[in-house]
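Engineer: My structure file target_4.pdb, PDB, C-alpha atoms, is below:
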```pdb
MODEL        1
ATOM      1  CA  MET A 151      25.683  66.590 -80.964  1.00  0.00           C
ATOM      2  CA  SER A 152      27.427  68.235 -77.970  1.00  0.00           C
ATOM      3  CA  LYS A 153      29.894  66.454 -75.689  1.00  0.00           C
ATOM      4  CA  THR A 154      27.429  66.502 -72.785  1.00  0.00           C
ATOM      5  CA  THR A 155      24.674  64.919 -74.900  1.00  0.00           C
ATOM      6  CA  ARG A 156      27.063  62.209 -76.100  1.00  0.00           C
ATOM      7  CA  LEU A 157      28.186  61.508 -72.531  1.00  0.00           C
ATOM      8  CA  LEU A 158      24.615  61.283 -71.248  1.00  0.00           C
ATOM      9  CA  SER A 159      23.591  59.051 -74.157  1.00  0.00           C
ATOM     10  CA  PHE A 160      26.291  56.605 -73.049  1.00  0.00           C
ATOM     11  CA  PHE A 161      24.403  56.112 -69.758  1.00  0.00           C
ATOM     12  CA  LYS A 162      21.010  55.756 -71.439  1.00  0.00           C
ATOM     13  CA  PRO A 163      19.911  52.101 -71.088  1.00  0.00           C
ATOM     14  CA  ARG A 164      19.344  50.401 -74.445  1.00  0.00           C
ATOM     15  CA  HIS A 165      18.803  46.795 -73.372  1.00  0.00           C
ATOM     16  CA  PHE A 166      17.566  44.851 -70.377  1.00  0.00           C
ATOM     17  CA  LEU A 167      21.169  44.050 -69.421  1.00  0.00           C
ATOM     18  CA  ASP A 168      21.935  47.784 -69.250  1.00  0.00           C
ATOM     19  CA  TRP A 169      19.088  48.254 -66.762  1.00  0.00           C
ATOM     20  CA  PHE A 170      20.274  45.251 -64.785  1.00  0.00           C
ATOM     21  CA  GLY A 171      23.842  46.627 -64.680  1.00  0.00           C
ATOM     22  CA  TYR A 172      22.680  50.028 -63.455  1.00  0.00           C
ATOM     23  CA  LEU A 173      20.550  48.391 -60.762  1.00  0.00           C
ATOM     24  CA  LEU A 174      23.615  46.521 -59.539  1.00  0.00           C
ATOM     25  CA  ILE A 175      25.932  49.532 -59.639  1.00  0.00           C
ATOM     26  CA  ALA A 176      23.629  51.937 -57.756  1.00  0.00           C
ATOM     27  CA  PRO A 177      23.578  50.021 -54.410  1.00  0.00           C
ATOM     28  CA  VAL A 178      27.317  49.339 -54.548  1.00  0.00           C
ATOM     29  CA  PHE A 179      27.986  53.034 -55.179  1.00  0.00           C
ATOM     30  CA  GLY A 180      25.619  54.025 -52.345  1.00  0.00           C
ATOM     31  CA  ILE A 181      27.165  51.597 -49.852  1.00  0.00           C
ATOM     32  CA  SER A 182      30.670  52.757 -50.805  1.00  0.00           C
ATOM     33  CA  ILE A 183      29.697  56.380 -50.138  1.00  0.00           C
ATOM     34  CA  TYR A 184      28.244  55.379 -46.747  1.00  0.00           C
ATOM     35  CA  TRP A 185      31.399  53.442 -45.792  1.00  0.00           C
ATOM     36  CA  ALA A 186      33.736  56.227 -46.923  1.00  0.00           C
ATOM     37  CA  TRP A 187      31.982  59.295 -45.461  1.00  0.00           C
ATOM     38  CA  PHE A 188      29.439  58.305 -42.824  1.00  0.00           C
ATOM     39  CA  ASP A 189      30.794  55.152 -41.151  1.00  0.00           C
ATOM     40  CA  THR A 190      33.599  56.984 -39.349  1.00  0.00           C
ATOM     41  CA  LYS A 191      32.790  56.751 -35.614  1.00  0.00           C
ATOM     42  CA  PRO A 192      34.148  53.488 -34.158  1.00  0.00           C
ATOM     43  CA  VAL A 193      34.108  54.833 -30.564  1.00  0.00           C
ATOM     44  CA  VAL A 194      30.905  55.827 -28.735  1.00  0.00           C
ATOM     45  CA  GLU A 195      32.644  57.038 -25.575  1.00  0.00           C
ATOM     46  CA  SER A 196      36.112  56.786 -24.106  1.00  0.00           C
ATOM     47  CA  GLU A 197      37.705  57.477 -20.750  1.00  0.00           C
ATOM     48  CA  ALA A 198      41.418  57.167 -19.918  1.00  0.00           C
ATOM     49  CA  GLU A 199      43.359  57.236 -16.669  1.00  0.00           C
ATOM     50  CA  ILE A 200      47.156  57.314 -16.394  1.00  0.00           C
ATOM     51  CA  SER A 201      48.214  54.509 -14.037  1.00  0.00           C
ATOM     52  CA  THR A 202      51.902  55.476 -13.857  1.00  0.00           C
ATOM     53  CA  PRO A 203      52.428  59.269 -14.041  1.00  0.00           C
ATOM     54  CA  VAL A 204      56.103  58.815 -13.019  1.00  0.00           C
ATOM     55  CA  VAL A 205      58.128  56.091 -14.755  1.00  0.00           C
ATOM     56  CA  ARG A 206      61.763  54.996 -14.439  1.00  0.00           C
ATOM     57  CA  GLN A 207      63.875  54.517 -17.560  1.00  0.00           C
ATOM     58  CA  GLY A 208      63.413  50.949 -18.813  1.00  0.00           C
ATOM     59  CA  GLU A 209      60.067  50.446 -17.059  1.00  0.00           C
ATOM     60  CA  ASP A 210      56.517  50.647 -18.421  1.00  0.00           C
ATOM     61  CA  PHE A 211      54.181  53.610 -18.720  1.00  0.00           C
ATOM     62  CA  SER A 212      50.558  52.477 -18.478  1.00  0.00           C
ATOM     63  CA  ILE A 213      47.154  53.931 -19.239  1.00  0.00           C
ATOM     64  CA  ARG A 214      43.841  52.315 -18.293  1.00  0.00           C
ATOM     65  CA  TYR A 215      41.021  52.774 -20.809  1.00  0.00           C
ATOM     66  CA  ARG A 216      37.271  52.311 -20.547  1.00  0.00           C
ATOM     67  CA  VAL A 217      35.817  52.425 -24.048  1.00  0.00           C
ATOM     68  CA  THR A 218      32.454  51.689 -25.616  1.00  0.00           C
ATOM     69  CA  TRP A 219      32.998  50.568 -29.202  1.00  0.00           C
ATOM     70  CA  ALA A 220      30.325  51.360 -31.787  1.00  0.00           C
ATOM     71  CA  ARG A 221      31.547  48.694 -34.211  1.00  0.00           C
ATOM     72  CA  SER A 222      33.612  45.552 -34.360  1.00  0.00           C
ATOM     73  CA  CYS A 223      36.816  46.491 -36.171  1.00  0.00           C
ATOM     74  CA  GLN A 224      40.427  45.628 -36.718  1.00  0.00           C
ATOM     75  CA  LEU A 225      42.586  48.161 -34.889  1.00  0.00           C
ATOM     76  CA  THR A 226      46.273  48.894 -35.488  1.00  0.00           C
ATOM     77  CA  GLY A 227      48.019  51.114 -32.954  1.00  0.00           C
ATOM     78  CA  HIS A 228      51.205  53.047 -33.706  1.00  0.00           C
ATOM     79  CA  ARG A 229      52.601  54.387 -30.431  1.00  0.00           C
ATOM     80  CA  PHE A 230      55.372  56.897 -29.671  1.00  0.00           C
ATOM     81  CA  VAL A 231      57.196  58.301 -26.641  1.00  0.00           C
ATOM     82  CA  VAL A 232      58.692  61.798 -26.844  1.00  0.00           C
ATOM     83  CA  ASP A 233      61.278  62.583 -24.170  1.00  0.00           C
ATOM     84  CA  GLN A 234      62.325  65.957 -22.731  1.00  0.00           C
ATOM     85  CA  LYS A 235      64.877  66.534 -25.506  1.00  0.00           C
ATOM     86  CA  GLY A 236      62.255  66.004 -28.216  1.00  0.00           C
ATOM     87  CA  GLN A 237      63.632  62.588 -29.234  1.00  0.00           C
ATOM     88  CA  ILE A 238      60.801  60.382 -30.569  1.00  0.00           C
ATOM     89  CA  TYR A 239      60.923  56.670 -29.719  1.00  0.00           C
ATOM     90  CA  THR A 240      58.683  54.340 -31.694  1.00  0.00           C
ATOM     91  CA  VAL A 241      57.041  51.491 -29.800  1.00  0.00           C
ATOM     92  CA  GLU A 242      56.282  48.267 -31.671  1.00  0.00           C
ATOM     93  CA  SER A 243      52.878  48.615 -33.339  1.00  0.00           C
ATOM     94  CA  ASP A 244      50.179  46.081 -32.614  1.00  0.00           C
ATOM     95  CA  THR A 245      47.068  44.892 -34.409  1.00  0.00           C
ATOM     96  CA  ARG A 246      44.010  43.383 -32.737  1.00  0.00           C
ATOM     97  CA  TYR A 247      40.262  42.974 -33.132  1.00  0.00           C
ATOM     98  CA  ILE A 248      37.883  45.044 -31.053  1.00  0.00           C
ATOM     99  CA  HIS A 249      34.289  44.025 -30.472  1.00  0.00           C
ATOM    100  CA  GLN A 250      31.190  46.194 -30.298  1.00  0.00           C
ATOM    101  CA  GLY A 251      30.203  47.157 -26.769  1.00  0.00           C
ATOM    102  CA  PRO A 252      31.959  48.194 -23.549  1.00  0.00           C
ATOM    103  CA  ASP A 253      35.581  47.211 -22.966  1.00  0.00           C
ATOM    104  CA  GLU A 254      38.260  47.877 -20.344  1.00  0.00           C
ATOM    105  CA  PHE A 255      41.965  47.406 -20.975  1.00  0.00           C
ATOM    106  CA  THR A 256      45.397  48.687 -20.002  1.00  0.00           C
ATOM    107  CA  ILE A 257      48.002  49.782 -22.525  1.00  0.00           C
ATOM    108  CA  THR A 258      51.607  49.439 -21.360  1.00  0.00           C
ATOM    109  CA  VAL A 259      54.355  51.272 -23.222  1.00  0.00           C
ATOM    110  CA  PRO A 260      58.004  50.406 -22.494  1.00  0.00           C
ATOM    111  CA  ILE A 261      60.147  53.469 -21.844  1.00  0.00           C
ATOM    112  CA  PRO A 262      63.573  53.152 -23.520  1.00  0.00           C
ATOM    113  CA  LEU A 263      66.701  53.255 -21.359  1.00  0.00           C
ATOM    114  CA  ALA A 264      68.004  56.011 -23.648  1.00  0.00           C
ATOM    115  CA  ALA A 265      65.010  58.298 -22.993  1.00  0.00           C
ATOM    116  CA  ALA A 266      66.087  61.507 -21.261  1.00  0.00           C
ATOM    117  CA  PRO A 267      64.757  61.982 -17.716  1.00  0.00           C
ATOM    118  CA  GLY A 268      62.215  64.760 -17.331  1.00  0.00           C
ATOM    119  CA  PRO A 269      58.770  65.589 -18.725  1.00  0.00           C
ATOM    120  CA  ALA A 270      57.707  63.234 -21.519  1.00  0.00           C
ATOM    121  CA  ARG A 271      54.720  62.698 -23.749  1.00  0.00           C
ATOM    122  CA  TYR A 272      52.855  59.644 -25.050  1.00  0.00           C
ATOM    123  CA  ARG A 273      51.379  59.829 -28.570  1.00  0.00           C
ATOM    124  CA  ALA A 274      49.444  57.293 -30.591  1.00  0.00           C
ATOM    125  CA  THR A 275      47.865  56.997 -34.012  1.00  0.00           C
ATOM    126  CA  LEU A 276      45.120  54.400 -34.375  1.00  0.00           C
ATOM    127  CA  LEU A 277      44.064  52.933 -37.716  1.00  0.00           C
ATOM    128  CA  TYR A 278      40.581  51.416 -37.797  1.00  0.00           C
ATOM    129  CA  GLU A 279      39.357  48.981 -40.449  1.00  0.00           C
ATOM    130  CA  CYS A 280      35.630  48.582 -39.787  1.00  0.00           C
ATOM    131  CA  ASN A 281      34.299  48.008 -43.312  1.00  0.00           C
ATOM    132  CA  PRO A 282      35.631  46.935 -46.733  1.00  0.00           C
ATOM    133  CA  TRP A 283      36.320  50.533 -47.836  1.00  0.00           C
ATOM    134  CA  GLN A 284      38.547  51.129 -44.800  1.00  0.00           C
ATOM    135  CA  ARG A 285      40.155  47.693 -45.107  1.00  0.00           C
ATOM    136  CA  PHE A 286      41.117  47.789 -48.779  1.00  0.00           C
ATOM    137  CA  ILE A 287      41.212  51.466 -49.769  1.00  0.00           C
ATOM    138  CA  ASN A 288      41.641  53.918 -46.895  1.00  0.00           C
ATOM    139  CA  PRO A 289      41.874  53.008 -43.172  1.00  0.00           C
ATOM    140  CA  LEU A 290      40.254  55.415 -40.737  1.00  0.00           C
ATOM    141  CA  SER A 291      43.034  57.256 -38.861  1.00  0.00           C
ATOM    142  CA  ARG A 292      42.581  58.835 -35.423  1.00  0.00           C
ATOM    143  CA  GLN A 293      45.082  60.590 -33.142  1.00  0.00           C
ATOM    144  CA  VAL A 294      44.859  59.676 -29.466  1.00  0.00           C
ATOM    145  CA  GLN A 295      44.941  62.596 -27.045  1.00  0.00           C
ATOM    146  CA  GLU A 296      48.554  63.118 -25.967  1.00  0.00           C
ATOM    147  CA  ARG A 297      49.330  62.159 -22.374  1.00  0.00           C
ATOM    148  CA  ASP A 298      52.013  63.817 -20.248  1.00  0.00           C
ATOM    149  CA  PHE A 299      54.095  61.881 -17.739  1.00  0.00           C
ATOM    150  CA  GLU A 300      57.565  62.074 -16.216  1.00  0.00           C
ATOM    151  CA  ILE A 301      60.603  59.883 -16.769  1.00  0.00           C
ATOM    152  CA  ILE A 302      63.022  59.557 -13.858  1.00  0.00           C
ATOM    153  CA  PRO A 303      66.478  57.970 -13.941  1.00  0.00           C
ATOM    154  CA  GLY A 304      66.713  54.253 -13.265  1.00  0.00           C
ATOM    155  CA  THR A 305      68.311  53.407  -9.926  1.00  0.00           C
ATOM    156  CA  PRO A 306      71.251  51.037  -9.494  1.00  0.00           C
ATOM    157  CA  THR A 307      70.816  48.054  -7.155  1.00  0.00           C
ATOM    158  CA  ALA A 308      73.333  45.741  -5.505  1.00  0.00           C
ATOM    159  CA  GLY A 309      73.083  43.256  -8.377  1.00  0.00           C
ATOM    160  CA  GLY A 310      73.402  45.899 -11.101  1.00  0.00           C
ATOM    161  CA  LEU A 311      70.906  48.274 -12.650  1.00  0.00           C
ATOM    162  CA  SER A 312      67.329  47.370 -11.750  1.00  0.00           C
ATOM    163  CA  TYR A 313      65.944  48.800 -14.979  1.00  0.00           C
ATOM    164  CA  LEU A 314      68.089  46.405 -17.016  1.00  0.00           C
ATOM    165  CA  ALA A 315      66.278  43.407 -15.534  1.00  0.00           C
ATOM    166  CA  PRO A 316      64.074  41.521 -18.012  1.00  0.00           C
ATOM    167  CA  GLN A 317      60.501  42.737 -18.019  1.00  0.00           C
ATOM    168  CA  SER A 318      57.876  40.277 -16.833  1.00  0.00           C
ATOM    169  CA  ALA A 319      54.473  39.818 -18.408  1.00  0.00           C
ATOM    170  CA  PRO A 320      51.994  42.549 -17.464  1.00  0.00           C
ATOM    171  CA  THR A 321      50.001  41.902 -14.326  1.00  0.00           C
ATOM    172  CA  CYS A 322      46.330  42.191 -15.069  1.00  0.00           C
ATOM    173  CA  GLY A 323      43.450  42.840 -12.725  1.00  0.00           C
ATOM    174  CA  GLY A 324      39.912  41.580 -13.210  1.00  0.00           C
ATOM    175  CA  SER A 325      38.229  38.212 -13.139  1.00  0.00           C
ATOM    176  CA  LYS A 326      39.645  36.763 -16.364  1.00  0.00           C
ATOM    177  CA  PRO A 327      42.700  38.773 -17.424  1.00  0.00           C
ATOM    178  CA  VAL A 328      44.214  37.918 -20.775  1.00  0.00           C
ATOM    179  CA  PRO A 329      47.667  39.371 -21.527  1.00  0.00           C
ATOM    180  CA  VAL A 330      47.862  40.337 -25.224  1.00  0.00           C
ATOM    181  CA  ARG A 331      51.339  41.629 -26.033  1.00  0.00           C
ATOM    182  CA  ALA A 332      51.477  44.769 -23.912  1.00  0.00           C
ATOM    183  CA  HIS A 333      47.746  44.845 -23.213  1.00  0.00           C
ATOM    184  CA  CYS A 334      45.698  43.510 -20.319  1.00  0.00           C
ATOM    185  CA  ARG A 335      42.284  42.703 -21.719  1.00  0.00           C
ATOM    186  CA  ALA A 336      39.195  42.464 -19.541  1.00  0.00           C
ATOM    187  CA  ARG A 337      37.702  39.986 -22.009  1.00  0.00           C
ATOM    188  CA  ARG A 338      39.186  37.690 -24.610  1.00  0.00           C
ATOM    189  CA  THR A 339      39.808  39.179 -28.047  1.00  0.00           C
ATOM    190  CA  ALA A 340      41.339  37.810 -31.218  1.00  0.00           C
ATOM    191  CA  LEU A 341      44.848  38.979 -32.017  1.00  0.00           C
ATOM    192  CA  MET A 342      46.050  39.523 -35.558  1.00  0.00           C
ATOM    193  CA  GLU A 343      49.778  38.921 -36.122  1.00  0.00           C
TER     194      GLU A 343
ENDMDL
END
```
In structure tokens, how does this file's structure come out?

Structural biologist:
Amino acid sequence: MSKTTRLLSFFKPRHFLDWFGYLLIAPVFGISIYWAWFDTKPVVESEAEISTPVVRQGEDFSIRYRVTWARSCQLTGHRFVVDQKGQIYTVESDTRYIHQGPDEFTITVPIPLAAAPGPARYRATLLYECNPWQRFINPLSRQVQERDFEIIPGTPTAGGLSYLAPQSAPTCGGSKPVPVRAHCRARRTALME
């Protein structure tokens, strides 16, 4: 008996319980394949607008997004600022739930005081967990299109340096703004800590 024949005979059902086991395994295998290879588009359409193309050191860079989500997912954002000298500053990552349908929100990214004045770049990596495969085995990773902006030096004021003043909560527009860490949400969403 060849190795192939022996291997195939292992999968040959001998009892009712073998048939039952195979009937249970087939859908699980099929769903796992769907989750891993075909369920990979959490965004239907996306539009972004830079609200602050010029930012002082210590202030916030902001981008307004209009997104239509294809799925309800858990989203973790890892954000970075790259200054003129190529120094990469990591912004605190955040995790939140997104809900299927249209959404508008503003992302604010604090610019470090140590960032060199001049042309700078905003980068982000988003990790989506929209199904059990992505949650427990391999999150879906997407790079956000890099955005260029300019950092200018902070200006001193009579009371000291204005960019050293504590930052207030983000001001949100819209009918029911909900500040969520550095985000202004157009509608209430759950936040994962």

Engineer: As a check of understanding, name the residues that the PyMOL selection byres ((chain A and resi 203) around 9) selects in the supplied structure, as a VMD selection string.

Structural biologist: chain A and resid 200 to 202 204 to 205 211 to 212 298 to 301

Engineer: Could you state the separation of CA of Gln295 in chain A and CA of Pro262 in chain A in Å, given to one decimal place?

Structural biologist: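 Between CA of Gln295 in chain A and CA of Pro262 in chain A the gap is 21.2 Å.
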
Engineer: Which residues of range 160-245 of chain A come within 7 Å of range 254-261 of chain A, and for each one, what is the closest pair of atoms and their distance in Å to one decimal, counting only C-alpha atoms, sorted by chain and residue number, as JSON lines?

Structural biologist:
```
{"residue": "A:Gln207", "atom": "CA", "partner": "A:Ile261", "partner_atom": "CA", "distance": 5.8}
{"residue": "A:Gly208", "atom": "CA", "partner": "A:Ile261", "partner_atom": "CA", "distance": 5.1}
{"residue": "A:Glu209", "atom": "CA", "partner": "A:Ile261", "partner_atom": "CA", "distance": 5.7}
{"residue": "A:Asp210", "atom": "CA", "partner": "A:Pro260", "partner_atom": "CA", "distance": 4.3}
{"residue": "A:Phe211", "atom": "CA", "partner": "A:Val259", "partner_atom": "CA", "distance": 5.1}
{"residue": "A:Ser212", "atom": "CA", "partner": "A:Thr258", "partner_atom": "CA", "distance": 4.3}
{"residue": "A:Ile213", "atom": "CA", "partner": "A:Ile257", "partner_atom": "CA", "distance": 5.4}
{"residue": "A:Arg214", "atom": "CA", "partner": "A:Thr256", "partner_atom": "CA", "distance": 4.3}
{"residue": "A:Tyr215", "atom": "CA", "partner": "A:Phe255", "partner_atom": "CA", "distance": 5.5}
{"residue": "A:Arg216", "atom": "CA", "partner": "A:Glu254", "partner_atom": "CA", "distance": 4.5}
{"residue": "A:Val217", "atom": "CA", "partner": "A:Glu254", "partner_atom": "CA", "distance": 6.4}
```

Engineer: Could you work out how far CA of Thr275 in chain A lies from CA of Val194 in chain A, giving the answer in Å with one decimal?

Structural biologist: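 According to the coordinates, CA of Val194 in chain A and CA of Thr275 in chain A are separated by 17.8 Å.
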
Engineer: In Å, how far is it from CA of Glu279 in chain A to CA of Thr226 in chain A?

Structural biologist: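 Pair CA of Glu279 in chain A / CA of Thr226 in chain A returns 8.5 Å.
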
Engineer: Pro289 in chain A: which residues within 12 Å, counting all atoms listed in the file, same-chain residues fewer than 5 positions away excluded, as JSON, numbers by chain?

Structural biologist: {"A": [185, 186, 187, 189, 190, 192, 223, 224, 225, 226, 275, 276, 277, 278, 279, 280, 281, 282, 283, 284]}

Engineer: Under the rule that all atoms listed in the file are counted, which of A:Arg271, A:Gln293, A:Lys153, A:Ala264 is the nearest residue to Gly227 in chain A?

Structural biologist: A:Gln293

Engineer: Exactly which residues make up the result of the PyMOL selection byres ((chain A and resi 243) around 6) on this file, given as a PyMOL selection string?

Structural biologist: chain A and resi 227-228+242+244

Engineer: Suppose a student applies the PyMOL selection byres ((chain A and resi 267) around 6) to this structure; what residues should they get, written as a list in words?

Structural biologist: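 Selection result, ordered by chain and number: Ala266, Gly268, Ile301, Ile302 and Pro303 of chain A.
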
Engineer: Which residue gives the smallest distance to Val232 in chain A among A:Arg273, A:Arg206, A:Arg246, A:Lys191, with all atoms listed in the file counted?

Structural biologist: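 For Val232 in chain A, the nearest of the candidates is A:Arg273.
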